[in-house]
Amino acid sequence: MIKLIVGTKGSGKTKAMIDSINAVTKTTTGNVVVLEKSMQLTYDVDHAARLIDLDEYHVAGYDMMYGFVAGVLAGNYDITEMFIDGILKVGDHDLNGLGKFLDSVQALAGENVNVTVTISAAEETLPEDVKKYL
């Protein structure tokens with residue numbers, strides 16, 4: 001299942017995601033993974049969550065991001081929660097390609113993994129294939 005946290009810069013998306021991460025680490029029986037560009041959340045997120053810096057692995061573009069997500073999920077069958085912060089930075093702010101990426105991740109995650117994604121854009125600017133995940 002995919003959940004989106006949408007808003008313009010400064011609207012509280014990251015705070016909402018941090019609160020979600022910290023809440024789920026206390027209740028889940030599986031593993032929590034957080035994918036982010038740069039390690040800005042290091043001191044805000046519960047240590048039970050695994051933080052992965054996408055810059056360290058030179059992830060750029062939706063295709064590469066999909067492959068990275070697939071690899072992370074394939075490497076650990078116990079992941080129940082995945083958080084992706086700042087997906088538009090990875091996808092070079094391509095709103096049109098975002099829907100295809102989300103569809104692919106949804107098919108990959110299925111019903112076993114909850115995926116939460118932050119999108120730094122106004123809700124009304126999102127394409128319909130992205131809005132269906134709101």
# chains A, B, ... in the order shown; residues from 1 in each chain; ligands from 1

$ select_by_dssp --residues "chain A" --states "strand (DSSP E or B)" --output "ChimeraX atom specification"
/A:2-7,31-36,50-53,79-85,114-120

$ residues_around --residues "Ala23 in chain A" --least-positions-apart "2" --cutoff "12 Å" --atoms "only C-alpha atoms" --output "ChimeraX atom specification"
/A:16-21,25-28,32,45-46,48-49,81

$ residues_around --residues "range 94-96 of chain A" --least-positions-apart "5" --cutoff "8 Å" --atoms "only C-alpha atoms" --output "PDB file with C-alpha atoms, in the first residue's frame"
ATOM      1  CA  LEU A  88      11.011  14.407  -6.633  1.00  0.00           C
ATOM      2  CA  LEU A 126      -0.116  16.400  -9.286  1.00  0.00           C
ATOM      3  CA  PRO A 127      -1.130  14.282 -12.296  1.00  0.00           C
TER       4      PRO A 127
END

$ closest_atom_pairs --of "range 43-78 of chain A" --to "range 104-108 of chain A" --cutoff "9 Å" --atoms "only C-alpha atoms" --output "Markdown table"
| residue | atom | partner | partner_atom | distance |
| --- | --- | --- | --- | --- |
| A:Tyr66 | CA | A:Val105 | CA | 6.8 |
| A:Val69 | CA | A:Val105 | CA | 7.7 |
| A:Ala70 | CA | A:Leu108 | CA | 7.1 |
| A:Leu73 | CA | A:Leu108 | CA | 8.6 |

$ closest_residue --among "A:Leu102, A:Gly61, A:Asn114, A:Ala109" --to "Asp129 in chain A" --atoms "only C-alpha atoms"
A:Leu102

$ atom_distance --atom1 "CA of Thr125 in chain A" --atom2 "CA of Val59 in chain A"
25.0 Å

$ closest_residue --among "A:Arg50, A:Lys9, A:Lys100, A:Lys15" --to "Asp63 in chain A" --atoms "only C-alpha atoms"
A:Lys100

$ residues_around --residues "Phe68 in chain A" --least-positions-apart "6" --cutoff "10 Å" --atoms "only C-alpha atoms" --output "PyMOL selection string"
chain A and resi 35+54+57+59+62+74

$ write_last_selection --atoms "all heavy atoms" --output "CSV table (one decimal), in the first residue's frame"
chain,number,residue,atom,x,y,z
A,35,LEU,N,14.4,5.7,3.2
A,35,LEU,CA,15.3,6.0,2.1
A,35,LEU,C,15.2,7.5,1.9
A,35,LEU,O,14.2,8.1,1.8
A,35,LEU,CB,14.8,5.4,0.8
A,35,LEU,CG,14.7,3.8,0.8
A,35,LEU,CD1,14.1,3.4,-0.5
A,35,LEU,CD2,16.0,3.2,1.2
A,54,LEU,N,20.5,7.7,-0.1
A,54,LEU,CA,20.4,7.4,-1.6
A,54,LEU,C,21.6,8.0,-2.3
A,54,LEU,O,22.1,7.5,-3.3
A,54,LEU,CB,19.1,7.9,-2.2
A,54,LEU,CG,17.9,7.3,-1.7
A,54,LEU,CD1,16.6,8.0,-2.2
A,54,LEU,CD2,17.8,5.8,-2.0
A,57,TYR,N,24.7,5.8,-2.7
A,57,TYR,CA,24.6,4.8,-3.7
A,57,TYR,C,24.4,5.4,-5.1
A,57,TYR,O,24.1,4.7,-6.0
A,57,TYR,CB,23.5,3.8,-3.4
A,57,TYR,CG,23.7,3.0,-2.1
A,57,TYR,CD1,23.2,3.5,-0.9
A,57,TYR,CD2,24.6,1.9,-2.1
A,57,TYR,CE1,23.5,2.8,0.3
A,57,TYR,CE2,24.8,1.2,-0.9
A,57,TYR,CZ,24.3,1.7,0.3
A,57,TYR,OH,24.6,1.0,1.4
A,59,VAL,N,21.9,7.1,-6.4
A,59,VAL,CA,20.6,6.8,-7.0
A,59,VAL,C,20.1,8.1,-7.7
A,59,VAL,O,20.0,9.1,-7.0
A,59,VAL,CB,19.6,6.3,-5.9
A,59,VAL,CG1,18.3,6.1,-6.6
A,59,VAL,CG2,20.1,5.0,-5.3
A,62,TYR,N,13.9,7.7,-11.7
A,62,TYR,CA,12.9,6.8,-11.2
A,62,TYR,C,13.3,5.3,-11.5
A,62,TYR,O,13.0,4.5,-10.6
A,62,TYR,CB,11.5,7.1,-11.7
A,62,TYR,CG,11.0,8.4,-11.3
A,62,TYR,CD1,10.5,9.4,-12.1
A,62,TYR,CD2,10.9,8.7,-9.9
A,62,TYR,CE1,10.0,10.6,-11.7
A,62,TYR,CE2,10.4,9.9,-9.4
A,62,TYR,CZ,9.9,10.8,-10.3
A,62,TYR,OH,9.4,12.0,-9.9
A,74,ALA,N,14.2,-7.2,-1.7
A,74,ALA,CA,14.6,-8.5,-2.0
A,74,ALA,C,15.6,-9.0,-0.9
A,74,ALA,O,15.7,-10.2,-0.6
A,74,ALA,CB,15.2,-8.6,-3.4

$ select_by_dssp --residues "range 23-130 of chain A" --states "alpha helix (DSSP H)" --output "number ranges by chain"
A: 23-27, 62-75, 87-90, 95-109, 128-130

$ write_last_selection --atoms "N, CA and C atoms" --output "CSV table (one decimal), in the first residue's frame"
chain,number,residue,atom,x,y,z
A,23,ALA,N,6.4,6.4,15.3
A,23,ALA,CA,5.2,5.7,15.8
A,23,ALA,C,5.2,4.2,15.3
A,24,VAL,N,5.5,4.0,14.1
A,24,VAL,CA,5.5,2.6,13.5
A,24,VAL,C,6.6,1.8,14.1
A,25,THR,N,7.8,2.4,14.4
A,25,THR,CA,8.9,1.6,15.0
A,25,THR,C,8.5,0.9,16.3
A,26,LYS,N,7.5,1.6,17.0
A,26,LYS,CA,7.1,1.0,18.3
A,26,LYS,C,6.0,0.0,18.2
A,27,THR,N,5.4,-0.1,17.0
A,27,THR,CA,4.2,-1.1,16.9
A,27,THR,C,4.5,-2.2,15.9
A,62,TYR,N,13.9,7.7,-11.7
A,62,TYR,CA,12.9,6.8,-11.2
A,62,TYR,C,13.3,5.3,-11.5
A,63,ASP,N,13.9,5.1,-12.6
A,63,ASP,CA,14.2,3.7,-12.9
A,63,ASP,C,15.3,3.1,-12.0
A,64,MET,N,16.3,3.9,-11.7
A,64,MET,CA,17.3,3.5,-10.7
A,64,MET,C,16.7,3.4,-9.3
A,65,MET,N,15.8,4.3,-9.0
A,65,MET,CA,15.2,4.2,-7.7
A,65,MET,C,14.3,3.0,-7.5
A,66,TYR,N,13.6,2.6,-8.6
A,66,TYR,CA,12.8,1.4,-8.6
A,66,TYR,C,13.7,0.2,-8.3
A,67,GLY,N,14.8,0.1,-9.0
A,67,GLY,CA,15.8,-1.0,-8.9
A,67,GLY,C,16.3,-1.0,-7.5
A,68,PHE,N,16.6,0.1,-6.9
A,68,PHE,CA,17.1,0.2,-5.5
A,68,PHE,C,16.1,-0.3,-4.5
A,69,VAL,N,14.8,0.1,-4.7
A,69,VAL,CA,13.8,-0.3,-3.8
A,69,VAL,C,13.6,-1.8,-3.9
A,70,ALA,N,13.6,-2.3,-5.2
A,70,ALA,CA,13.5,-3.8,-5.4
A,70,ALA,C,14.6,-4.5,-4.7
A,71,GLY,N,15.8,-4.0,-4.8
A,71,GLY,CA,17.0,-4.7,-4.1
A,71,GLY,C,16.8,-4.7,-2.6
A,72,VAL,N,16.4,-3.6,-2.0
A,72,VAL,CA,16.2,-3.5,-0.6
A,72,VAL,C,15.2,-4.5,-0.1
A,73,LEU,N,14.0,-4.5,-0.9
A,73,LEU,CA,13.0,-5.5,-0.5
A,73,LEU,C,13.4,-6.9,-0.7
A,74,ALA,N,14.2,-7.2,-1.7
A,74,ALA,CA,14.6,-8.5,-2.0
A,74,ALA,C,15.6,-9.0,-0.9
A,75,GLY,N,16.4,-8.1,-0.4
A,75,GLY,CA,17.4,-8.4,0.6
A,75,GLY,C,16.9,-8.6,2.0
A,87,ILE,N,11.1,12.2,-3.0
A,87,ILE,CA,11.1,11.5,-4.2
A,87,ILE,C,11.4,12.3,-5.5
A,88,LEU,N,10.8,13.5,-5.5
A,88,LEU,CA,11.0,14.4,-6.6
A,88,LEU,C,12.5,14.8,-6.8
A,89,LYS,N,13.2,14.9,-5.8
A,89,LYS,CA,14.7,15.2,-5.9
A,89,LYS,C,15.4,14.0,-6.6
A,90,VAL,N,15.0,12.8,-6.4
A,90,VAL,CA,15.5,11.7,-7.0
A,90,VAL,C,15.1,11.6,-8.5
A,95,LEU,N,7.1,15.2,-12.5
A,95,LEU,CA,5.8,14.8,-12.0
A,95,LEU,C,5.2,13.8,-12.9
A,96,ASN,N,5.4,13.9,-14.2
A,96,ASN,CA,4.8,13.0,-15.2
A,96,ASN,C,5.3,11.5,-15.0
A,97,GLY,N,6.6,11.4,-14.7
A,97,GLY,CA,7.1,10.0,-14.5
A,97,GLY,C,6.8,9.4,-13.1
A,98,LEU,N,6.4,10.3,-12.2
A,98,LEU,CA,6.2,9.8,-10.8
A,98,LEU,C,5.1,8.8,-10.7
A,99,GLY,N,4.0,9.0,-11.5
A,99,GLY,CA,2.9,8.0,-11.4
A,99,GLY,C,3.3,6.6,-11.8
A,100,LYS,N,4.1,6.5,-12.9
A,100,LYS,CA,4.6,5.2,-13.3
A,100,LYS,C,5.5,4.6,-12.2
A,101,PHE,N,6.3,5.4,-11.6
A,101,PHE,CA,7.2,4.9,-10.5
A,101,PHE,C,6.3,4.4,-9.4
A,102,LEU,N,5.3,5.1,-9.0
A,102,LEU,CA,4.5,4.7,-7.8
A,102,LEU,C,3.7,3.4,-8.2
A,103,ASP,N,3.2,3.3,-9.4
A,103,ASP,CA,2.5,2.1,-9.8
A,103,ASP,C,3.5,0.9,-9.7
A,104,SER,N,4.7,1.1,-10.2
A,104,SER,CA,5.7,0.0,-10.1
A,104,SER,C,6.0,-0.4,-8.7
A,105,VAL,N,6.2,0.6,-7.8
A,105,VAL,CA,6.5,0.3,-6.4
A,105,VAL,C,5.3,-0.4,-5.8
A,106,GLN,N,4.1,0.0,-6.1
A,106,GLN,CA,2.9,-0.6,-5.5
A,106,GLN,C,2.8,-2.1,-5.9
A,107,ALA,N,3.1,-2.4,-7.2
A,107,ALA,CA,3.1,-3.8,-7.6
A,107,ALA,C,4.2,-4.6,-6.9
A,108,LEU,N,5.3,-4.0,-6.6
A,108,LEU,CA,6.4,-4.6,-6.0
A,108,LEU,C,6.1,-4.9,-4.5
A,109,ALA,N,5.6,-3.9,-3.8
A,109,ALA,CA,5.3,-3.9,-2.4
A,109,ALA,C,4.1,-4.8,-2.1
A,128,GLU,N,-3.1,12.9,-12.4
A,128,GLU,CA,-4.2,12.0,-11.9
A,128,GLU,C,-3.6,10.7,-11.5
A,129,ASP,N,-2.6,10.2,-12.2
A,129,ASP,CA,-2.0,8.8,-11.9
A,129,ASP,C,-1.2,8.9,-10.5
A,130,VAL,N,-1.0,10.1,-10.0
A,130,VAL,CA,-0.3,10.2,-8.7
A,130,VAL,C,-1.4,10.5,-7.7

$ closest_residue --among "A:Ile119, A:His93, A:Tyr43, A:Ile79" --to "Lys131 in chain A" --atoms "only C-alpha atoms"
A:Ile119

$ atom_distance --atom1 "CA of Thr42 in chain A" --atom2 "CA of Gly86 in chain A"
15.1 Å

$ closest_residue --among "A:Ala60, A:Met39, A:Met1, A:Val33" --to "Val115 in chain A" --atoms "only C-alpha atoms"
A:Met1

$ decode --residues "range 85-114 of chain A" --atoms "N, CA, C and O atoms" --output "mmCIF file, in the first residue's frame"
data_model
loop_
_atom_site.group_PDB
_atom_site.id
_atom_site.type_symbol
_atom_site.label_atom_id
_atom_site.label_comp_id
_atom_site.auth_asym_id
_atom_site.auth_seq_id
_atom_site.Cartn_x
_atom_site.Cartn_y
_atom_site.Cartn_z
ATOM 1 N N ASP A 85 11.742 9.702 1.377
ATOM 2 C CA ASP A 85 11.670 11.149 1.576
ATOM 3 C C ASP A 85 12.221 11.867 0.351
ATOM 4 O O ASP A 85 13.314 11.553 -0.127
ATOM 5 N N GLY A 86 11.462 12.822 -0.159
ATOM 6 C CA GLY A 86 11.925 13.664 -1.247
ATOM 7 C C GLY A 86 12.069 12.965 -2.581
ATOM 8 O O GLY A 86 13.088 13.109 -3.259
ATOM 9 N N ILE A 87 11.055 12.229 -2.993
ATOM 10 C CA ILE A 87 11.137 11.456 -4.230
ATOM 11 C C ILE A 87 11.358 12.337 -5.464
ATOM 12 O O ILE A 87 12.018 11.926 -6.410
ATOM 13 N N LEU A 88 10.833 13.550 -5.453
ATOM 14 C CA LEU A 88 11.011 14.407 -6.633
ATOM 15 C C LEU A 88 12.458 14.831 -6.823
ATOM 16 O O LEU A 88 12.889 15.084 -7.950
ATOM 17 N N LYS A 89 13.246 14.883 -5.753
ATOM 18 C CA LYS A 89 14.678 15.176 -5.891
ATOM 19 C C LYS A 89 15.374 14.038 -6.635
ATOM 20 O O LYS A 89 16.242 14.273 -7.455
ATOM 21 N N VAL A 90 14.964 12.823 -6.351
ATOM 22 C CA VAL A 90 15.550 11.657 -7.015
ATOM 23 C C VAL A 90 15.134 11.632 -8.483
ATOM 24 O O VAL A 90 15.925 11.342 -9.359
ATOM 25 N N GLY A 91 13.874 11.944 -8.748
ATOM 26 C CA GLY A 91 13.329 11.890 -10.103
ATOM 27 C C GLY A 91 13.471 13.168 -10.888
ATOM 28 O O GLY A 91 12.754 13.371 -11.878
ATOM 29 N N ASP A 92 14.368 14.050 -10.458
ATOM 30 C CA ASP A 92 14.635 15.300 -11.163
ATOM 31 C C ASP A 92 13.363 16.123 -11.370
ATOM 32 O O ASP A 92 13.150 16.711 -12.422
ATOM 33 N N HIS A 93 12.496 16.110 -10.366
ATOM 34 C CA HIS A 93 11.251 16.897 -10.331
ATOM 35 C C HIS A 93 10.309 16.586 -11.495
ATOM 36 O O HIS A 93 9.557 17.446 -11.934
ATOM 37 N N ASP A 94 10.340 15.358 -11.982
ATOM 38 C CA ASP A 94 9.487 14.917 -13.088
ATOM 39 C C ASP A 94 8.166 14.377 -12.538
ATOM 40 O O ASP A 94 8.069 13.216 -12.161
ATOM 41 N N LEU A 95 7.145 15.236 -12.499
ATOM 42 C CA LEU A 95 5.835 14.819 -11.992
ATOM 43 C C LEU A 95 5.169 13.801 -12.911
ATOM 44 O O LEU A 95 4.435 12.935 -12.448
ATOM 45 N N ASN A 96 5.430 13.890 -14.214
ATOM 46 C CA ASN A 96 4.797 12.977 -15.161
ATOM 47 C C ASN A 96 5.313 11.543 -15.013
ATOM 48 O O ASN A 96 4.565 10.596 -15.219
ATOM 49 N N GLY A 97 6.567 11.359 -14.666
ATOM 50 C CA GLY A 97 7.124 10.020 -14.477
ATOM 51 C C GLY A 97 6.846 9.442 -13.107
ATOM 52 O O GLY A 97 6.999 8.237 -12.884
ATOM 53 N N LEU A 98 6.401 10.276 -12.173
ATOM 54 C CA LEU A 98 6.166 9.837 -10.800
ATOM 55 C C LEU A 98 5.062 8.791 -10.713
ATOM 56 O O LEU A 98 5.180 7.819 -9.968
ATOM 57 N N GLY A 99 4.002 8.951 -11.474
ATOM 58 C CA GLY A 99 2.889 7.999 -11.432
ATOM 59 C C GLY A 99 3.321 6.600 -11.828
ATOM 60 O O GLY A 99 2.951 5.619 -11.173
ATOM 61 N N LYS A 100 4.108 6.487 -12.875
ATOM 62 C CA LYS A 100 4.610 5.181 -13.317
ATOM 63 C C LYS A 100 5.486 4.553 -12.233
ATOM 64 O O LYS A 100 5.393 3.358 -11.955
ATOM 65 N N PHE A 101 6.344 5.374 -11.616
ATOM 66 C CA PHE A 101 7.194 4.883 -10.530
ATOM 67 C C PHE A 101 6.342 4.357 -9.373
ATOM 68 O O PHE A 101 6.580 3.261 -8.869
ATOM 69 N N LEU A 102 5.338 5.127 -8.961
ATOM 70 C CA LEU A 102 4.486 4.700 -7.842
ATOM 71 C C LEU A 102 3.723 3.420 -8.177
ATOM 72 O O LEU A 102 3.579 2.541 -7.318
ATOM 73 N N ASP A 103 3.239 3.303 -9.404
ATOM 74 C CA ASP A 103 2.549 2.074 -9.831
ATOM 75 C C ASP A 103 3.485 0.873 -9.734
ATOM 76 O O ASP A 103 3.089 -0.199 -9.269
ATOM 77 N N SER A 104 4.730 1.054 -10.167
ATOM 78 C CA SER A 104 5.709 -0.033 -10.124
ATOM 79 C C SER A 104 6.036 -0.432 -8.691
ATOM 80 O O SER A 104 6.120 -1.614 -8.367
ATOM 81 N N VAL A 105 6.204 0.553 -7.825
ATOM 82 C CA VAL A 105 6.503 0.265 -6.418
ATOM 83 C C VAL A 105 5.304 -0.409 -5.755
ATOM 84 O O VAL A 105 5.465 -1.335 -4.952
ATOM 85 N N GLN A 106 4.103 0.026 -6.096
ATOM 86 C CA GLN A 106 2.896 -0.594 -5.534
ATOM 87 C C GLN A 106 2.833 -2.071 -5.915
ATOM 88 O O GLN A 106 2.529 -2.922 -5.085
ATOM 89 N N ALA A 107 3.125 -2.383 -7.164
ATOM 90 C CA ALA A 107 3.118 -3.777 -7.612
ATOM 91 C C ALA A 107 4.188 -4.585 -6.886
ATOM 92 O O ALA A 107 3.971 -5.744 -6.532
ATOM 93 N N LEU A 108 5.323 -3.985 -6.644
ATOM 94 C CA LEU A 108 6.430 -4.644 -5.955
ATOM 95 C C LEU A 108 6.131 -4.871 -4.474
ATOM 96 O O LEU A 108 6.349 -5.948 -3.939
ATOM 97 N N ALA A 109 5.605 -3.852 -3.819
ATOM 98 C CA ALA A 109 5.337 -3.918 -2.379
ATOM 99 C C ALA A 109 4.108 -4.767 -2.058
ATOM 100 O O ALA A 109 4.061 -5.420 -1.014
ATOM 101 N N GLY A 110 3.130 -4.741 -2.944
ATOM 102 C CA GLY A 110 1.913 -5.510 -2.723
ATOM 103 C C GLY A 110 1.211 -5.110 -1.439
ATOM 104 O O GLY A 110 1.203 -3.945 -1.053
ATOM 105 N N GLU A 111 0.646 -6.089 -0.772
ATOM 106 C CA GLU A 111 -0.084 -5.832 0.472
ATOM 107 C C GLU A 111 0.789 -6.011 1.701
ATOM 108 O O GLU A 111 0.357 -5.742 2.814
ATOM 109 N N ASN A 112 2.007 -6.479 1.521
ATOM 110 C CA ASN A 112 2.867 -6.802 2.663
ATOM 111 C C ASN A 112 3.698 -5.639 3.174
ATOM 112 O O ASN A 112 4.145 -5.650 4.312
ATOM 113 N N VAL A 113 3.940 -4.634 2.329
ATOM 114 C CA VAL A 113 4.800 -3.523 2.711
ATOM 115 C C VAL A 113 4.024 -2.216 2.542
ATOM 116 O O VAL A 113 3.480 -1.945 1.475
ATOM 117 N N ASN A 114 3.989 -1.414 3.596
ATOM 118 C CA ASN A 114 3.404 -0.081 3.530
ATOM 119 C C ASN A 114 4.497 0.889 3.130
ATOM 120 O O ASN A 114 5.539 0.959 3.781
#
